[in-house]
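Report on the structure given below.
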Amino acid sequence: MRKQLIQIGLCLATVTAVAQTPDITLTLKRTVEIATDSSLESFRSKNMYLASYWQYRTFKAGRLPSLSLNLTPAQYYRYITRRYDSENDIDVYRKQQSFYAGGGLTVTQNFDPLGGTFTLNSNLDYIRNFGSNTYSQYTSVPFSIGYSQDLFGYNAFKWERRIEPLKYEAAKRTLLYNMEELSEQAATYFFALAMAQAEFNLAKENVTSTDTLYRTGQERIKIAAISKADLLTLKLDAVNARNTLQNDEIALKRAMFNLAAYLNIDKTTQIRLTLPLQPTDVKISADQALTLARENNPTFFNQRELILEAEQQVDKTKKEAMFNASVSASVGFNQVAGSFKDVYRNPMQQDIVAINVSIPLIDWGVRRGKHNIAKNNLNVAQITAQQKELTVEEDVIMTVRDFNIQQDLIGSAEEALDIANAAYSETKQRFMIGKADINSLTLSLNRQQEAQRNYISALQNYWLSFYKLRKLTLYDFSKGYSLLNEFDYNSILK
């Protein structure tokens with residue numbers, strides 16, 4: 001009976017509003033669904049994930065061979081250039097006209113273990129000179145394969161292979177974490193409106209009750225059944241009840257507007273709520289929750305990423321402080337001819353090998369300073385990671401404790417509300433027949449109203465703890481599955 005009264009009270013609670021405004025009835029589950037699907041914050045979180053997704057796709061694409069076509073379809077020159085005249089032993093200016101066209105295909109493949117790059121090339125170029133000495137030439141590289149890398153330098157590919165997958169896993173968990181945070185916030189607005197509607201309903205009932213009691217008091221004072229002071233108290237209660245109703249109406253409008261704004265629906269929507277039923281008994285151990293948090297919580301992944309990036313900088317600055325040597329080599333064929341049909345005949349072998357060495361001699365400690373900065377930053381990252389991970393673990397333990405306690409409190413609050421309703425009804429009847437005084441009636445009413453507030457508050461605390469625990473562990477304890485396994489990431493890409 002108690003649940004039916006509250007549901008009826010919440011559904012009947014309305015505010016003064018213009019006609020033809022939208023009307024909607026929301027459960028807690030539906031409120032959370034709208035928040036995670038249509039709220040502005042959900043759009044922001046999904047786009048943050050999409051940015052990370054495409055960054056990861058870019059990284060994966062960088063591990064595959066790339067093919068590029070480079071073309072110069074036409075290039076015409078007409079200019080005056082300086083030339084040496086060997087017969088007269090002087091420099092002279094001469095007119096020159098030429099036409100050039102060329103193109104080539106290049107295949108590139110990064111080799112992550114060593115940090116080098118393989119290239120495969122094929123080129124064809126054509127040049128024609130105009131003037132007194134007109135001639136044309138073709139040159140081709142039918143096939144050339146090469147490889148280049150630093151021998152002792154920093155290998156960016158190796159670090160990308162370690163960092164980028166971790167960043168993407170952190171991004172997926174961050175998306176789910178943000179969605180659960182949306183659920184938690186939506187539940188906060190939901191119960192704020194539920195409490196405001198309950199307060200408004202109580203205020204309306206109080207106005208009716210105090211008016212009835214005041215009229216009854218007016219009749220009873222005629223027969224000296226109550227004192228004038230009691231009658232004035234009843235009148236004061238009636239006046240205060242009307243004032244309270246006006247204040248609660250304002251609070252109700254504000255709570256309804258806040259929920260509508262958060263859900264990104266029409267701000268004039270008249271929202272009615274259906275309170276969730278008492279949840280089934282779910283007991284959670286702190287050890288299980290901690291294990292799941294360490295596996296799923298994005299904080300742990302983000303901190304690992306920061307530590308890896310700090311280690312990357314240490315390695316980079318260390319390698320840059322040393323001497324560096326690089327090697328490049330290519331093997332292929334090339335040919336030059338005056339006609340296209342001859343440019344691919346009898347190609348000659350083309351070999352290119354180069355070794356470059358860079359040795360820092362004097363830099364006044366710049367490289368060493370950068371290396372020391374990187375090491376100090378690594379120490380900071382490690383300490384910060386420990387602190388943040390401890391904070392999350394403490395939060396998990398406290399939330400598990402609160403969650404388990406709230407289940408018992410809901411039962412107690414329900415029992416207290418049943419008792420308070422029965423006590424107020426009995427006291428009101430006794431007052432009507434003159435067997436209870438005004439103080440007893442007022443005290444009983446206050447207890448009944450407080451019990452109803454406590455019941456809604458107990459439901460709120462339970463569900464907020466439930467969604468917070470889901471957020472911290474990315475695990476649904478009521479259904480026993482990981483949110484990572486159930487979430488459809490492809491739906492965000494559509």
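Every chain in the structure tokens takes a letter, A first, then B, and so on in the order presented; its residues are numbered from 1, and the ligands are numbered from 1 following the presented order.
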Range 325-342 of chain A surroundings by only C-alpha atoms, 10 Å radius, close-in-sequence under 2 positions cut, as a PyMOL selection string: chain A and resi 116-128+135-153+322-323+344-359
Surrounding residues of Ser285 in chain A excluding itself and chain neighbours under 4 positions, 9 Å, only C-alpha atoms, as number ranges by chain: A: 289-290, 397, 400-401
Create the file for the chosen residues now, containing C-alpha atoms and written as a PDB file, in the first residue's frame.
```
ATOM      1  CA  ALA A 289      35.411  -5.155  -6.987  1.00  0.00           C
ATOM      2  CA  LEU A 290      39.083  -4.199  -6.620  1.00  0.00           C
ATOM      3  CA  ILE A 397      36.193  -0.063  -1.156  1.00  0.00           C
ATOM      4  CA  VAL A 400      31.152  -1.322  -1.973  1.00  0.00           C
ATOM      5  CA  ARG A 401      30.606  -0.764   1.729  1.00  0.00           C
TER       6      ARG A 401
END
```
Residue neighbourhood Phe191 in chain A, 7 Å, only C-alpha atoms, exclusion window fewer than 4 positions, as a list in words: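 Residues near the query, excluding close chain neighbours: Ala187, Met195 and Gln460 of chain A.
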Close residues, Arg294 in chain A itself excluded, 10 Å, only C-alpha atoms, min 6 positions apart in chain, as a PyMOL selection string: chain A and resi 300-301+389+392-393+472-473
Keeping only C-alpha atoms, write the selected residues to a file as a compact mmCIF listing (two decimals), in the first residue's frame.
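What ended up in again.txt:
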```txt
# COMPACT_ATOMS: atom_id res chain seq x y z
CA PHE A 300 44.87 2.38 -14.40
CA PHE A 301 45.26 2.33 -18.20
CA GLU A 389 45.45 4.18 -8.30
CA VAL A 392 40.50 4.68 -7.05
CA GLU A 393 41.00 1.63 -4.85
CA LEU A 472 34.49 2.30 -11.13
CA THR A 473 34.59 -1.37 -12.18
```
Long-range neighbours of Asn446 in chain A as a PyMOL selection string, 12 Å cut-off, only C-alpha atoms, 2 positions minimum in chain: chain A and resi 202-203+206+417+420-421+423-424+439-444+448-453
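The smallest atom-to-atom distance between Phe157 in chain A and any of A:Ala170, A:Leu176, A:Gly115, A:Ile362, using only C-alpha atoms, is found for A:Gly115.
Take the candidates A:Arg63, A:Arg242, A:Ala293, A:Trp159 and check each one against Val314 in chain A using only C-alpha atoms; the shortest distance goes to A:Trp159.
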Excluding Gln313 in chain A and residues on its chain fewer than 6 positions from it, collect all residues at most 10 Å away from it, counting only C-alpha atoms, and give them as a short mmCIF file (atom, residue, chain, number, x, y, z; two decimals) with C-alpha atoms, in the first residue's frame.
```cif
data_model
loop_
_atom_site.label_atom_id
_atom_site.label_comp_id
_atom_site.auth_asym_id
_atom_site.auth_seq_id
_atom_site.Cartn_x
_atom_site.Cartn_y
_atom_site.Cartn_z
CA TYR A 154 65.75 6.11 -31.07
CA TRP A 159 57.33 2.65 -28.72
CA ILE A 307 54.44 5.98 -17.57
CA LYS A 319 69.81 7.90 -27.56
CA LYS A 370 67.10 16.84 -21.44
CA HIS A 371 67.84 13.27 -20.38
CA ILE A 373 64.52 16.08 -17.14
CA ALA A 374 63.01 13.01 -18.79
CA LYS A 375 64.13 10.76 -15.91
CA ASN A 377 59.41 13.27 -15.27
CA LEU A 378 59.32 9.47 -15.25
#
```
Strand (DSSP E) residues, from DSSP on the backbone, in range 339-439 of chain A, as a list of chain:residue names: A:Met348, A:Gln349, A:Gln350, A:Asp351, A:Ile352, A:Val353, A:Ala354, A:Ile355, A:Asn356, A:Val357, A:Ser358
